[in-house]
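To be precise, the following lines are my_file_34.tsv, and they hold TSV, C-alpha atoms.
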```
chain	number	residue	atom	x	y	z
A	1	MET	CA	30.52	-27.58	70.39
A	2	ASP	CA	28.41	-29.31	73.01
A	3	VAL	CA	29.06	-29.88	76.70
A	4	SER	CA	30.49	-33.36	76.15
A	5	GLU	CA	32.99	-31.95	73.66
A	6	THR	CA	34.21	-29.23	76.00
A	7	GLU	CA	34.46	-31.76	78.80
A	8	ALA	CA	36.55	-34.01	76.54
A	9	MET	CA	38.91	-31.14	75.75
A	10	GLU	CA	39.23	-30.28	79.41
A	11	SER	CA	40.04	-33.91	80.15
A	12	GLN	CA	42.70	-33.97	77.42
A	13	THR	CA	44.56	-31.04	78.89
A	14	GLY	CA	44.34	-32.61	82.33
A	15	ARG	CA	45.98	-35.80	81.07
A	16	GLU	CA	48.79	-33.76	79.54
A	17	LEU	CA	49.43	-32.01	82.84
A	18	GLU	CA	49.61	-35.36	84.62
A	19	ARG	CA	51.79	-37.08	82.00
A	20	THR	CA	55.28	-38.07	83.22
A	21	GLY	CA	56.51	-40.06	80.23
A	22	TYR	CA	56.07	-40.61	76.50
A	23	PRO	CA	52.39	-41.41	75.73
A	24	ASP	CA	51.67	-45.11	75.24
A	25	ASP	CA	49.27	-44.45	72.35
A	26	ILE	CA	51.66	-42.41	70.20
A	27	PRO	CA	54.35	-44.14	68.13
A	28	PRO	CA	57.88	-42.73	68.09
A	29	LEU	CA	58.19	-40.15	65.31
A	30	PRO	CA	60.87	-40.89	62.71
A	31	PRO	CA	63.18	-38.00	61.74
A	32	ILE	CA	61.97	-35.75	58.90
A	33	PRO	CA	64.45	-35.28	56.03
A	34	VAL	CA	65.68	-31.69	55.87
A	35	GLU	CA	65.71	-31.75	52.06
A	36	ARG	CA	61.92	-31.41	52.19
A	37	TYR	CA	62.61	-27.83	53.31
A	38	THR	CA	65.57	-26.99	51.08
A	39	ASP	CA	65.56	-28.98	47.86
A	40	PRO	CA	64.44	-26.88	44.84
A	41	ALA	CA	63.08	-30.03	43.16
A	42	PHE	CA	60.84	-30.73	46.17
A	43	HIS	CA	59.61	-27.13	46.03
A	44	ASP	CA	58.86	-27.56	42.32
A	45	LEU	CA	56.96	-30.76	43.10
A	46	GLU	CA	54.85	-28.90	45.67
A	47	MET	CA	54.09	-26.15	43.17
A	48	ARG	CA	53.06	-28.69	40.55
A	49	GLU	CA	51.29	-31.42	42.54
A	50	PHE	CA	50.38	-30.00	45.94
A	51	TRP	CA	49.11	-26.43	45.88
A	52	PRO	CA	46.92	-26.91	42.78
A	53	LYS	CA	45.15	-29.88	44.41
A	54	THR	CA	44.11	-28.53	47.81
A	55	TRP	CA	41.44	-26.16	49.07
A	56	LEU	CA	43.14	-22.85	49.82
A	57	HIS	CA	41.78	-20.25	52.23
A	58	VAL	CA	41.66	-16.86	50.47
A	59	GLY	CA	39.53	-14.62	52.68
A	60	HIS	CA	36.23	-14.04	54.46
A	61	ILE	CA	32.80	-13.05	53.18
A	62	SER	CA	33.03	-9.74	55.06
A	63	GLN	CA	35.68	-8.64	52.56
A	64	LEU	CA	33.05	-8.77	49.78
A	65	PRO	CA	30.32	-6.68	51.41
A	66	LYS	CA	28.12	-5.95	48.39
A	67	THR	CA	27.32	-6.98	44.83
A	68	GLY	CA	30.32	-6.34	42.61
A	69	SER	CA	32.89	-6.36	45.44
A	70	TYR	CA	36.10	-8.14	44.53
A	71	ARG	CA	39.51	-8.96	45.95
A	72	LEU	CA	42.60	-10.39	44.32
A	73	PHE	CA	44.32	-13.52	45.56
A	74	GLU	CA	47.95	-13.21	44.50
A	75	GLN	CA	50.06	-16.05	45.80
A	76	LEU	CA	51.63	-19.15	44.17
A	77	ASP	CA	52.38	-17.11	41.00
A	78	LEU	CA	48.63	-16.73	40.51
A	79	SER	CA	46.26	-13.80	40.20
A	80	VAL	CA	42.69	-14.83	40.96
A	81	ILE	CA	39.68	-12.53	41.24
A	82	ILE	CA	37.36	-13.36	44.16
A	83	HIS	CA	34.04	-11.67	43.32
A	84	ARG	CA	30.49	-11.35	44.66
A	85	GLY	CA	28.00	-11.51	41.78
A	86	ALA	CA	24.57	-9.95	41.37
A	87	ASP	CA	23.03	-13.22	42.57
A	88	ASP	CA	25.09	-12.93	45.80
A	89	THR	CA	27.21	-15.92	44.80
A	90	ILE	CA	30.94	-15.67	45.42
A	91	ARG	CA	32.92	-16.84	42.39
A	92	ALA	CA	36.57	-16.92	41.44
A	93	PHE	CA	38.18	-16.29	38.05
A	94	HIS	CA	41.74	-16.21	36.80
A	95	ASN	CA	42.64	-12.55	36.31
A	96	ILE	CA	43.33	-13.14	32.63
A	97	CYS	CA	41.58	-11.70	29.59
A	98	ARG	CA	40.91	-14.37	26.95
A	99	HIS	CA	42.07	-12.01	24.18
A	100	ARG	CA	45.80	-11.63	24.83
A	101	GLY	CA	46.17	-12.38	28.51
A	102	ALA	CA	46.05	-8.91	30.06
A	103	ALA	CA	45.05	-8.58	33.72
A	104	LEU	CA	41.42	-7.53	33.99
A	105	VAL	CA	41.91	-5.72	37.31
A	106	ASN	CA	45.08	-4.35	38.83
A	107	GLU	CA	43.89	-3.03	42.17
A	108	SER	CA	44.02	-5.49	45.08
A	109	GLU	CA	40.36	-4.83	45.90
A	110	GLY	CA	37.49	-2.81	44.57
A	111	HIS	CA	34.09	-2.85	42.93
A	112	ALA	CA	33.36	-4.27	39.48
A	113	PRO	CA	29.79	-5.14	38.47
A	114	ARG	CA	31.39	-6.54	35.32
A	115	PHE	CA	34.91	-6.78	33.94
A	116	ILE	CA	36.30	-4.67	31.09
A	117	CYS	CA	39.83	-5.48	30.01
A	118	PRO	CA	41.96	-2.31	30.21
A	119	TYR	CA	44.00	-3.40	27.19
A	120	HIS	CA	41.44	-3.82	24.37
A	121	ALA	CA	38.14	-3.46	26.26
A	122	TRP	CA	36.83	-7.00	25.93
A	123	GLY	CA	33.89	-7.19	28.36
A	124	TYR	CA	32.73	-10.00	30.67
A	125	ASP	CA	29.66	-10.20	32.90
A	126	ASP	CA	29.68	-11.07	36.60
A	127	ARG	CA	29.47	-14.78	35.80
A	128	GLY	CA	32.51	-14.60	33.54
A	129	ALA	CA	30.73	-14.79	30.17
A	130	LEU	CA	32.29	-12.86	27.30
A	131	VAL	CA	29.60	-10.35	26.29
A	132	SER	CA	31.34	-7.65	24.23
A	133	VAL	CA	34.25	-7.52	21.79
A	134	PRO	CA	35.22	-4.23	20.10
A	135	GLU	CA	35.86	-4.74	16.38
A	136	ALA	CA	34.24	-8.14	16.58
A	137	ARG	CA	34.11	-8.29	12.78
A	138	ASP	CA	37.89	-8.77	12.79
A	139	PHE	CA	37.70	-12.11	14.65
A	140	ALA	CA	36.47	-14.65	12.14
A	141	CYS	CA	36.86	-17.68	14.42
A	142	LEU	CA	35.84	-16.18	17.75
A	143	ASP	CA	33.18	-18.10	19.69
A	144	LYS	CA	32.15	-15.94	22.62
A	145	ALA	CA	30.55	-18.86	24.43
A	146	GLU	CA	33.90	-20.66	24.48
A	147	ASN	CA	35.95	-17.67	25.58
A	148	GLY	CA	34.53	-16.60	28.91
A	149	LEU	CA	36.76	-16.06	31.92
A	150	MET	CA	38.51	-19.14	33.25
A	151	GLU	CA	36.62	-19.98	36.43
A	152	VAL	CA	38.30	-21.36	39.54
A	153	ARG	CA	36.40	-23.61	41.93
A	154	CYS	CA	35.24	-21.48	44.84
A	155	ASP	CA	33.22	-22.31	47.91
A	156	VAL	CA	32.41	-20.87	51.32
A	157	LEU	CA	32.47	-22.73	54.62
A	158	ARG	CA	31.39	-20.96	57.80
A	159	GLY	CA	32.09	-17.58	56.22
A	160	MET	CA	35.57	-18.56	55.08
A	161	ILE	CA	36.25	-18.43	51.32
A	162	PHE	CA	38.28	-21.21	49.67
A	163	ILE	CA	39.44	-21.90	46.13
A	164	ASN	CA	40.73	-25.06	44.47
A	165	LEU	CA	42.48	-25.27	41.10
A	166	ASP	CA	41.63	-28.97	40.74
A	167	GLY	CA	38.27	-29.67	39.15
A	168	ASN	CA	38.40	-33.26	40.42
A	169	ALA	CA	39.17	-32.52	44.07
A	170	PRO	CA	36.64	-33.62	46.70
A	171	PRO	CA	34.09	-30.94	47.70
A	172	LEU	CA	35.17	-28.43	50.32
A	173	ALA	CA	32.49	-29.60	52.75
A	174	GLU	CA	33.93	-33.11	52.56
A	175	SER	CA	37.63	-32.31	52.76
A	176	HIS	CA	37.17	-29.72	55.52
A	177	ALA	CA	34.48	-31.49	57.53
A	178	PRO	CA	36.79	-31.76	60.59
A	179	PHE	CA	37.29	-27.98	60.53
A	180	ALA	CA	33.55	-27.29	60.37
A	181	GLU	CA	32.90	-29.78	63.15
A	182	GLN	CA	35.50	-28.25	65.47
A	183	VAL	CA	34.26	-24.70	64.83
A	184	GLY	CA	30.89	-25.95	66.07
A	185	ASP	CA	28.49	-23.12	66.85
A	186	PHE	CA	31.18	-20.44	67.00
A	187	PRO	CA	29.73	-17.79	64.61
A	188	LEU	CA	32.69	-17.36	62.24
A	189	GLU	CA	30.36	-16.21	59.46
A	190	ASP	CA	29.29	-13.20	61.56
A	191	MET	CA	32.83	-11.91	61.99
A	192	GLN	CA	34.67	-9.24	60.02
A	193	VAL	CA	38.22	-8.83	58.79
A	194	LYS	CA	39.56	-5.89	60.78
A	195	GLY	CA	42.86	-5.69	58.97
A	196	ILE	CA	45.54	-7.77	57.28
A	197	ILE	CA	49.11	-8.24	58.46
A	198	THR	CA	51.66	-9.50	55.94
A	199	ALA	CA	55.09	-10.72	57.01
A	200	GLU	CA	57.84	-11.97	54.70
A	201	PHE	CA	60.35	-14.53	55.95
A	202	ASP	CA	63.70	-15.75	54.66
A	203	CYS	CA	62.75	-19.38	55.08
A	204	ASN	CA	60.77	-22.19	53.50
A	205	TRP	CA	57.03	-21.89	54.13
A	206	LYS	CA	57.02	-25.12	56.14
A	207	ILE	CA	59.56	-23.75	58.63
A	208	ALA	CA	57.20	-20.87	59.38
A	209	TYR	CA	54.11	-23.09	59.48
A	210	ASP	CA	55.79	-25.68	61.73
A	211	ASN	CA	56.35	-22.97	64.30
A	212	PHE	CA	52.62	-22.57	64.87
A	213	LEU	CA	51.92	-26.31	65.06
A	214	GLU	CA	53.51	-26.72	68.48
A	215	ILE	CA	53.75	-24.82	71.73
A	216	TYR	CA	57.07	-26.29	72.84
A	217	HIS	CA	58.95	-23.11	71.86
A	218	VAL	CA	56.68	-20.61	73.60
A	219	ARG	CA	58.40	-20.73	77.00
A	220	THR	CA	61.70	-19.65	75.44
A	221	VAL	CA	60.96	-17.62	72.30
A	222	HIS	CA	57.91	-15.86	73.76
A	223	ALA	CA	58.87	-15.82	77.43
A	224	LYS	CA	57.83	-12.18	77.84
A	225	SER	CA	54.70	-12.32	75.67
A	226	VAL	CA	52.59	-15.40	74.93
A	227	ALA	CA	54.11	-17.57	77.68
A	228	ARG	CA	52.63	-15.32	80.35
A	229	PHE	CA	49.14	-16.39	79.34
A	230	LEU	CA	49.47	-20.11	78.56
A	231	ASN	CA	50.10	-23.21	80.64
A	232	SER	CA	52.07	-24.89	77.86
A	233	SER	CA	52.36	-28.17	79.80
A	234	SER	CA	48.62	-28.70	79.19
A	235	PHE	CA	48.94	-28.52	75.38
A	236	SER	CA	46.77	-31.27	73.87
A	237	ILE	CA	46.54	-32.35	70.24
A	238	SER	CA	43.82	-34.09	68.25
A	239	MET	CA	44.47	-35.13	64.64
A	240	TYR	CA	41.80	-35.54	61.98
A	241	GLU	CA	41.57	-36.99	58.50
A	242	GLY	CA	42.87	-34.75	55.75
A	243	GLY	CA	45.81	-33.37	57.74
A	244	HIS	CA	43.70	-31.15	60.03
A	245	SER	CA	44.29	-30.82	63.78
A	246	ARG	CA	42.93	-29.26	66.95
A	247	PHE	CA	44.93	-27.78	69.82
A	248	VAL	CA	43.57	-27.05	73.30
A	249	THR	CA	45.67	-25.35	75.98
A	250	ARG	CA	44.78	-24.09	79.43
A	251	LYS	CA	45.25	-20.41	80.13
A	252	ARG	CA	47.05	-19.42	83.27
A	253	GLU	CA	44.89	-18.50	86.26
A	254	ALA	CA	43.27	-15.07	85.98
A	255	ALA	CA	44.98	-14.48	82.66
A	256	SER	CA	43.49	-14.19	79.20
A	257	PHE	CA	44.59	-12.92	75.83
A	258	PHE	CA	41.40	-11.06	75.09
A	259	GLY	CA	38.71	-11.92	77.65
A	260	THR	CA	35.28	-13.10	76.51
A	261	ASP	CA	32.49	-11.62	74.44
A	262	GLY	CA	28.71	-11.51	74.72
A	263	ARG	CA	28.19	-13.02	71.29
A	264	ILE	CA	29.25	-16.38	72.72
A	265	ASP	CA	26.86	-18.01	75.19
A	266	ASP	CA	27.82	-18.31	78.84
A	267	ARG	CA	28.99	-21.91	78.59
A	268	LEU	CA	31.39	-21.27	75.71
A	269	GLY	CA	32.35	-17.91	77.16
A	270	GLN	CA	33.55	-19.67	80.27
A	271	PHE	CA	35.40	-22.26	78.20
A	272	PHE	CA	37.30	-19.58	76.28
A	273	SER	CA	38.15	-17.71	79.45
A	274	ASP	CA	39.95	-20.84	80.68
A	275	TYR	CA	41.24	-22.43	77.45
A	276	THR	CA	42.60	-21.61	74.02
A	277	LEU	CA	41.29	-23.46	70.97
A	278	ALA	CA	43.45	-23.47	67.83
A	279	LEU	CA	42.61	-25.15	64.53
A	280	PRO	CA	45.39	-25.98	62.06
A	281	VAL	CA	43.54	-26.34	58.75
A	282	PHE	CA	45.34	-28.27	56.01
A	283	PRO	CA	47.27	-27.30	53.97
A	284	ASN	CA	48.59	-24.00	55.35
A	285	THR	CA	46.12	-22.28	57.71
A	286	PHE	CA	46.29	-21.77	61.47
A	287	MET	CA	43.25	-20.36	63.28
A	288	PRO	CA	43.47	-19.74	67.07
A	289	VAL	CA	39.76	-19.14	67.67
A	290	ASP	CA	38.82	-16.66	70.42
A	291	PRO	CA	35.52	-14.83	71.06
A	292	ILE	CA	37.07	-11.36	71.29
A	293	GLY	CA	39.22	-11.70	68.20
A	294	PHE	CA	42.00	-13.70	66.60
A	295	THR	CA	44.23	-13.96	63.55
A	296	CYS	CA	43.54	-16.43	60.76
A	297	GLN	CA	47.00	-17.15	59.42
A	298	ASN	CA	48.05	-18.51	56.01
A	299	TYR	CA	51.59	-19.48	54.99
A	300	TRP	CA	52.64	-19.28	51.32
A	301	PRO	CA	55.84	-20.13	49.45
A	302	ASN	CA	57.82	-17.47	47.60
A	303	GLY	CA	60.43	-19.96	46.43
A	304	PRO	CA	62.32	-22.78	48.16
A	305	ASP	CA	63.73	-20.49	50.87
A	306	LYS	CA	61.29	-17.56	50.97
A	307	SER	CA	57.77	-17.36	52.34
A	308	VAL	CA	55.03	-14.96	53.32
A	309	MET	CA	52.52	-15.11	56.16
A	310	VAL	CA	49.16	-13.43	55.60
A	311	MET	CA	47.18	-12.84	58.80
A	312	TYR	CA	43.51	-11.83	58.76
A	313	MET	CA	42.58	-10.06	62.00
A	314	MET	CA	39.10	-11.40	62.75
A	315	GLY	CA	36.71	-9.46	64.96
A	316	TRP	CA	33.10	-8.30	65.31
A	317	LYS	CA	31.23	-5.41	63.76
A	318	ALA	CA	31.65	-2.32	65.93
A	319	GLU	CA	28.57	-1.34	67.87
A	320	ASP	CA	26.95	1.98	67.08
A	321	GLY	CA	29.11	4.85	68.29
A	322	ALA	CA	32.05	2.58	69.13
A	323	ALA	CA	33.98	2.72	65.85
A	324	GLU	CA	36.84	4.77	67.30
A	325	GLN	CA	37.21	2.49	70.30
A	326	ASP	CA	37.10	-0.55	68.01
A	327	GLY	CA	39.80	0.94	65.81
A	328	GLU	CA	42.02	1.60	68.82
A	329	PHE	CA	41.57	-1.99	70.01
A	330	TRP	CA	42.65	-3.44	66.68
A	331	ALA	CA	45.54	-1.02	66.31
A	332	GLY	CA	46.78	-2.25	69.67
A	333	MET	CA	46.19	-5.83	68.64
A	334	ARG	CA	48.23	-5.30	65.47
A	335	GLY	CA	51.15	-4.03	67.51
A	336	GLN	CA	51.06	-7.04	69.82
A	337	ILE	CA	50.85	-9.50	66.94
A	338	GLU	CA	53.69	-7.89	65.01
A	339	GLY	CA	55.84	-8.02	68.13
A	340	ILE	CA	55.23	-11.76	68.53
A	341	VAL	CA	55.95	-12.37	64.83
A	342	ASN	CA	59.26	-10.55	65.14
A	343	GLU	CA	60.22	-12.86	68.02
A	344	ASP	CA	59.65	-15.82	65.70
A	345	ARG	CA	61.35	-14.22	62.69
A	346	GLU	CA	64.79	-14.34	64.26
A	347	VAL	CA	64.46	-18.07	64.84
A	348	PHE	CA	63.29	-18.83	61.30
A	349	LEU	CA	66.40	-17.31	59.71
A	350	GLY	CA	68.72	-19.45	61.81
A	351	VAL	CA	66.74	-22.62	61.12
A	352	GLN	CA	66.81	-22.03	57.36
A	353	ARG	CA	70.56	-21.34	57.45
A	354	ALA	CA	71.19	-24.56	59.38
A	355	MET	CA	69.05	-26.61	57.00
A	356	ARG	CA	70.72	-25.11	53.96
A	357	SER	CA	74.20	-25.84	55.35
A	358	GLY	CA	73.97	-29.56	54.65
A	359	LEU	CA	75.15	-30.30	58.18
A	360	LEU	CA	71.69	-31.22	59.46
A	361	PRO	CA	70.31	-34.24	57.55
A	362	THR	CA	67.06	-34.56	59.51
A	363	ILE	CA	64.98	-32.84	62.18
A	364	GLN	CA	63.72	-34.59	65.29
A	365	LEU	CA	60.17	-34.20	66.60
A	366	GLY	CA	58.73	-34.98	70.01
A	367	CYS	CA	55.17	-36.00	70.77
A	368	GLN	CA	54.18	-32.35	71.39
A	369	GLU	CA	55.21	-31.70	67.77
A	370	ARG	CA	53.29	-34.53	66.17
A	371	ALA	CA	50.88	-32.19	64.35
A	372	ILE	CA	53.89	-31.21	62.22
A	373	TYR	CA	54.47	-34.84	61.32
A	374	TRP	CA	50.73	-35.31	60.71
A	375	TYR	CA	50.54	-32.64	58.02
A	376	HIS	CA	53.77	-33.92	56.44
A	377	GLN	CA	52.07	-37.31	56.08
A	378	GLU	CA	49.15	-35.66	54.32
A	379	LEU	CA	51.52	-33.61	52.17
A	380	ASP	CA	53.05	-36.85	50.89
A	381	ARG	CA	49.63	-38.33	50.23
A	382	VAL	CA	48.62	-35.34	48.10
A	383	LEU	CA	51.96	-35.21	46.28
A	384	GLY	CA	51.82	-38.92	45.57
A	385	VAL	CA	54.43	-40.99	47.39
A	386	ASP	CA	55.78	-42.36	44.11
A	387	ASN	CA	56.59	-38.80	43.02
A	388	ILE	CA	58.85	-38.25	46.04
A	389	PRO	CA	62.43	-39.59	46.13
A	390	GLN	CA	62.50	-42.36	48.70
A	391	HIS	CA	65.01	-40.63	50.96
A	392	MET	CA	62.72	-37.57	51.22
A	393	ARG	CA	59.52	-39.37	52.21
A	394	VAL	CA	58.05	-39.54	55.71
A	395	ASP	CA	56.87	-42.84	57.12
A	396	PRO	CA	53.07	-42.79	57.71
A	397	VAL	CA	53.23	-43.83	61.36
A	398	LEU	CA	50.45	-41.61	62.76
A	399	ALA	CA	46.71	-42.25	62.65
A	400	ALA	CA	43.81	-39.92	63.26
A	401	THR	CA	42.81	-39.41	66.90
A	402	PRO	CA	40.08	-41.89	67.88
A	403	ALA	CA	36.63	-40.38	68.42
A	404	GLY	CA	35.85	-39.62	72.03
```

Target format structure tokens, applied to this file:
Amino acid sequence: MDVSETEAMESQTGRELERTGYPDDIPPLPPIPVERYTDPAFHDLEMREFWPKTWLHVGHISQLPKTGSYRLFEQLDLSVIIHRGADDTIRAFHNICRHRGAALVNESEGHAPRFICPYHAWGYDDRGALVSVPEARDFACLDKAENGLMEVRCDVLRGMIFINLDGNAPPLAESHAPFAEQVGDFPLEDMQVKGIITAEFDCNWKIAYDNFLEIYHVRTVHAKSVARFLNSSSFSISMYEGGHSRFVTRKREAASFFGTDGRIDDRLGQFFSDYTLALPVFPNTFMPVDPIGFTCQNYWPNGPDKSVMVMYMMGWKAEDGAAEQDGEFWAGMRGQIEGIVNEDREVFLGVQRAMRSGLLPTIQLGCQERAIYWYHQELDRVLGVDNIPQHMRVDPVLAATPAG
């Protein structure tokens, strides 16, 4: 992030503060059909054509600190092992033994230099190759070379780990280039996961995700928390190819969520003391970057009207002798975050109930909510417009924000 970029962001927020009418360069946003949030067939279409074809954020390299470290990704009716091999490469495998389908590991995280199935002890090395089969003489047609673990595409970008179930999907570096560009020289790869917050909601995953793609609600829902720190009238949006976005908002005078940190140079430190920078990363991630710490949030479906939010609390390695102080800071941070989430939770339930009632055929979005419409456009592109009933589609009226 160079000086010209920060100046551009500062200018954007200034224009928002001065705006007195609907922006000339943004088309009116057509209503979004509510059935996209409630129809079981649309949910099934997402499960079949959407989630398996996108790069999904599943963690950070700090969660795999040494050779043999692993974590399980268990969303979308999947169980995927994320593992650091002896060659320091992070790989992903379906948590399925090729013998009779037993789970290879059952703990959510741990250490496994290789994998031994707990059912019949078939053994696999750290690259997924089948290397040992008890009673091998009983398997006349077994070809070990053809029966290794089923590998899932896995890649790392700026310390963030992603998987993709589609072998033909574009590379991560290509599809998430806007994310990498907006992160700039912020050292995400040097951060650590300080804890994970999981929250279950009685609503469609898009209702929960929509909430974080606008700031319009903050003055009312979070009047006693977040609103005290943000000048929401300055909220500016940039939209990038692939459904990604960038949000920049001015902080209120002499107010900051977390302050600044010495790991960020003086120029960026000053920027973050005055502004917030948030990066919605398609398809389901929201990352409000801040030098002191932040939550990387993912939103997952648990059915048409159930969802779960997984929040990675991202911070820095504690300095020598400061572990206790660091722990206290993040315990306090957890409490604040959970309080804000509970403020949102009450709204989600009412929105889902209204959508399910059949009384609300569409939802209306204003220009401050256009990032919601932007990711819906990309959702339709990934699903394939021809696969979506015509009355449930969104019109592709938005274009990516021009450079500069």

Who sits within 9 Å of Glu151 (chain A), all atoms listed in the file, same chain under 2 positions skipped, as a short mmCIF file (atom, residue, chain, number, x, y, z; two decimals) with C-alpha atoms, in the coordinates of the input:
```cif
data_model
loop_
_atom_site.label_atom_id
_atom_site.label_comp_id
_atom_site.auth_asym_id
_atom_site.auth_seq_id
_atom_site.Cartn_x
_atom_site.Cartn_y
_atom_site.Cartn_z
CA ARG A 91 32.92 -16.84 42.39
CA ALA A 92 36.57 -16.92 41.44
CA PHE A 93 38.18 -16.29 38.05
CA HIS A 94 41.74 -16.21 36.80
CA ARG A 127 29.47 -14.78 35.80
CA GLY A 128 32.51 -14.60 33.54
CA GLY A 148 34.53 -16.60 28.91
CA LEU A 149 36.76 -16.06 31.92
CA ARG A 153 36.40 -23.61 41.93
CA CYS A 154 35.24 -21.48 44.84
#
```

Can you pull out the residues contacting region 347-350 of chain A? Cut-off 8 Å, using all atoms listed in the file, and skip same-chain residues under 5 positions away; I want them as a short mmCIF file (atom, residue, chain, number, x, y, z; two decimals) with C-alpha atoms, in the coordinates of the input.
```cif
data_model
loop_
_atom_site.label_atom_id
_atom_site.label_comp_id
_atom_site.auth_asym_id
_atom_site.auth_seq_id
_atom_site.Cartn_x
_atom_site.Cartn_y
_atom_site.Cartn_z
CA PHE A 201 60.35 -14.53 55.95
CA ASP A 202 63.70 -15.75 54.66
CA CYS A 203 62.75 -19.38 55.08
CA ILE A 207 59.56 -23.75 58.63
CA ALA A 208 57.20 -20.87 59.38
#
```

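Considering all atoms listed in the file, the residue among A:Pro396, A:Gly195, A:Gly85, A:Pro113 positioned nearest to Gly315 (chain A) is A:Gly195.
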
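When all atoms listed in the file are used to measure the gap to Arg158 (chain A), the shortest distance among A:Leu130, A:Ala180, A:Ile81, A:Met309 belongs to A:Ala180.
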
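The smallest atom-to-atom distance between Trp316 (chain A) and any of A:Glu181, A:Glu378, A:Glu189, A:Glu200, using all atoms listed in the file, is found for A:Glu189.
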
* **Å distance separating CA of Asp39 (chain A) from CA of Gly384 (chain A), one decimal place** => 17.1 Å

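Put simply, CA of Asn95 (chain A) is 5.5 Å away from CA of Ser79 (chain A).
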
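When only C-alpha atoms are used to measure the gap to Pro118 (chain A), the shortest distance among A:Val80, A:Ala169, A:Ala102, A:Val131 belongs to A:Ala102.
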
In the coordinate frame of the file, compute which residues have an atom within 7 Å of (46.7, -36.9, 57.3) when using all atoms listed in the file, and state them as an mmCIF file with C-alpha atoms, in the coordinates of the input.
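This is the output file point_34.cif:
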```cif
data_model
loop_
_atom_site.group_PDB
_atom_site.id
_atom_site.type_symbol
_atom_site.label_atom_id
_atom_site.label_comp_id
_atom_site.auth_asym_id
_atom_site.auth_seq_id
_atom_site.Cartn_x
_atom_site.Cartn_y
_atom_site.Cartn_z
ATOM 1 C CA TYR A 240 41.800 -35.540 61.980
ATOM 2 C CA GLU A 241 41.570 -36.990 58.500
ATOM 3 C CA GLY A 242 42.870 -34.750 55.750
ATOM 4 C CA GLY A 243 45.810 -33.370 57.740
ATOM 5 C CA TRP A 374 50.730 -35.310 60.710
ATOM 6 C CA TYR A 375 50.540 -32.640 58.020
ATOM 7 C CA GLN A 377 52.070 -37.310 56.080
ATOM 8 C CA GLU A 378 49.150 -35.660 54.320
#
```

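Across the model, the gap from CA of Gln297 (chain A) to CA of Leu172 (chain A) is 18.7 Å.
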
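Shortest separation to Phe247 (chain A) among A:Met9, A:Leu76, A:Met314, A:Leu398 occurs at residue A:Met9, atoms counted being all atoms listed in the file.
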
Pull out region 271-308 of chain A, keep C-alpha atoms, and write it as an mmCIF file, in the first residue's frame.
```
data_model
loop_
_atom_site.group_PDB
_atom_site.id
_atom_site.type_symbol
_atom_site.label_atom_id
_atom_site.label_comp_id
_atom_site.auth_asym_id
_atom_site.auth_seq_id
_atom_site.Cartn_x
_atom_site.Cartn_y
_atom_site.Cartn_z
ATOM 1 C CA PHE A 271 -3.351 5.670 8.350
ATOM 2 C CA PHE A 272 -4.757 2.973 10.636
ATOM 3 C CA SER A 273 -5.067 5.389 13.536
ATOM 4 C CA ASP A 274 -7.403 7.490 11.377
ATOM 5 C CA TYR A 275 -9.131 4.897 9.168
ATOM 6 C CA THR A 276 -10.457 1.361 9.143
ATOM 7 C CA LEU A 277 -9.691 -0.936 6.213
ATOM 8 C CA ALA A 278 -11.941 -3.958 5.683
ATOM 9 C CA LEU A 279 -11.614 -6.557 2.927
ATOM 10 C CA PRO A 280 -14.612 -8.701 1.961
ATOM 11 C CA VAL A 281 -13.025 -11.697 0.223
ATOM 12 C CA PHE A 282 -15.302 -13.733 -2.044
ATOM 13 C CA PRO A 283 -17.090 -16.005 -1.376
ATOM 14 C CA ASN A 284 -17.651 -15.757 2.388
ATOM 15 C CA THR A 285 -14.785 -14.001 4.207
ATOM 16 C CA PHE A 286 -14.669 -10.587 5.877
ATOM 17 C CA MET A 287 -11.335 -9.247 7.124
ATOM 18 C CA PRO A 288 -11.245 -5.842 8.909
ATOM 19 C CA VAL A 289 -7.468 -5.389 8.899
ATOM 20 C CA ASP A 290 -5.926 -3.532 11.857
ATOM 21 C CA PRO A 291 -2.299 -3.427 13.078
ATOM 22 C CA ILE A 292 -3.111 -4.323 16.682
ATOM 23 C CA GLY A 293 -5.421 -7.200 15.858
ATOM 24 C CA PHE A 294 -8.620 -8.149 14.080
ATOM 25 C CA THR A 295 -10.993 -11.005 13.346
ATOM 26 C CA CYS A 296 -10.937 -12.876 10.052
ATOM 27 C CA GLN A 297 -14.534 -13.995 9.681
ATOM 28 C CA ASN A 298 -15.986 -16.824 7.582
ATOM 29 C CA TYR A 299 -19.691 -17.568 7.091
ATOM 30 C CA TRP A 300 -20.848 -21.135 6.360
ATOM 31 C CA PRO A 301 -24.240 -22.707 5.651
ATOM 32 C CA ASN A 302 -25.723 -25.331 7.956
ATOM 33 C CA GLY A 303 -28.831 -25.720 5.814
ATOM 34 C CA PRO A 304 -31.171 -23.237 4.121
ATOM 35 C CA ASP A 305 -31.961 -21.400 7.376
ATOM 36 C CA LYS A 306 -28.982 -22.173 9.626
ATOM 37 C CA SER A 307 -25.432 -20.860 9.512
ATOM 38 C CA VAL A 308 -22.228 -20.628 11.483
#
```
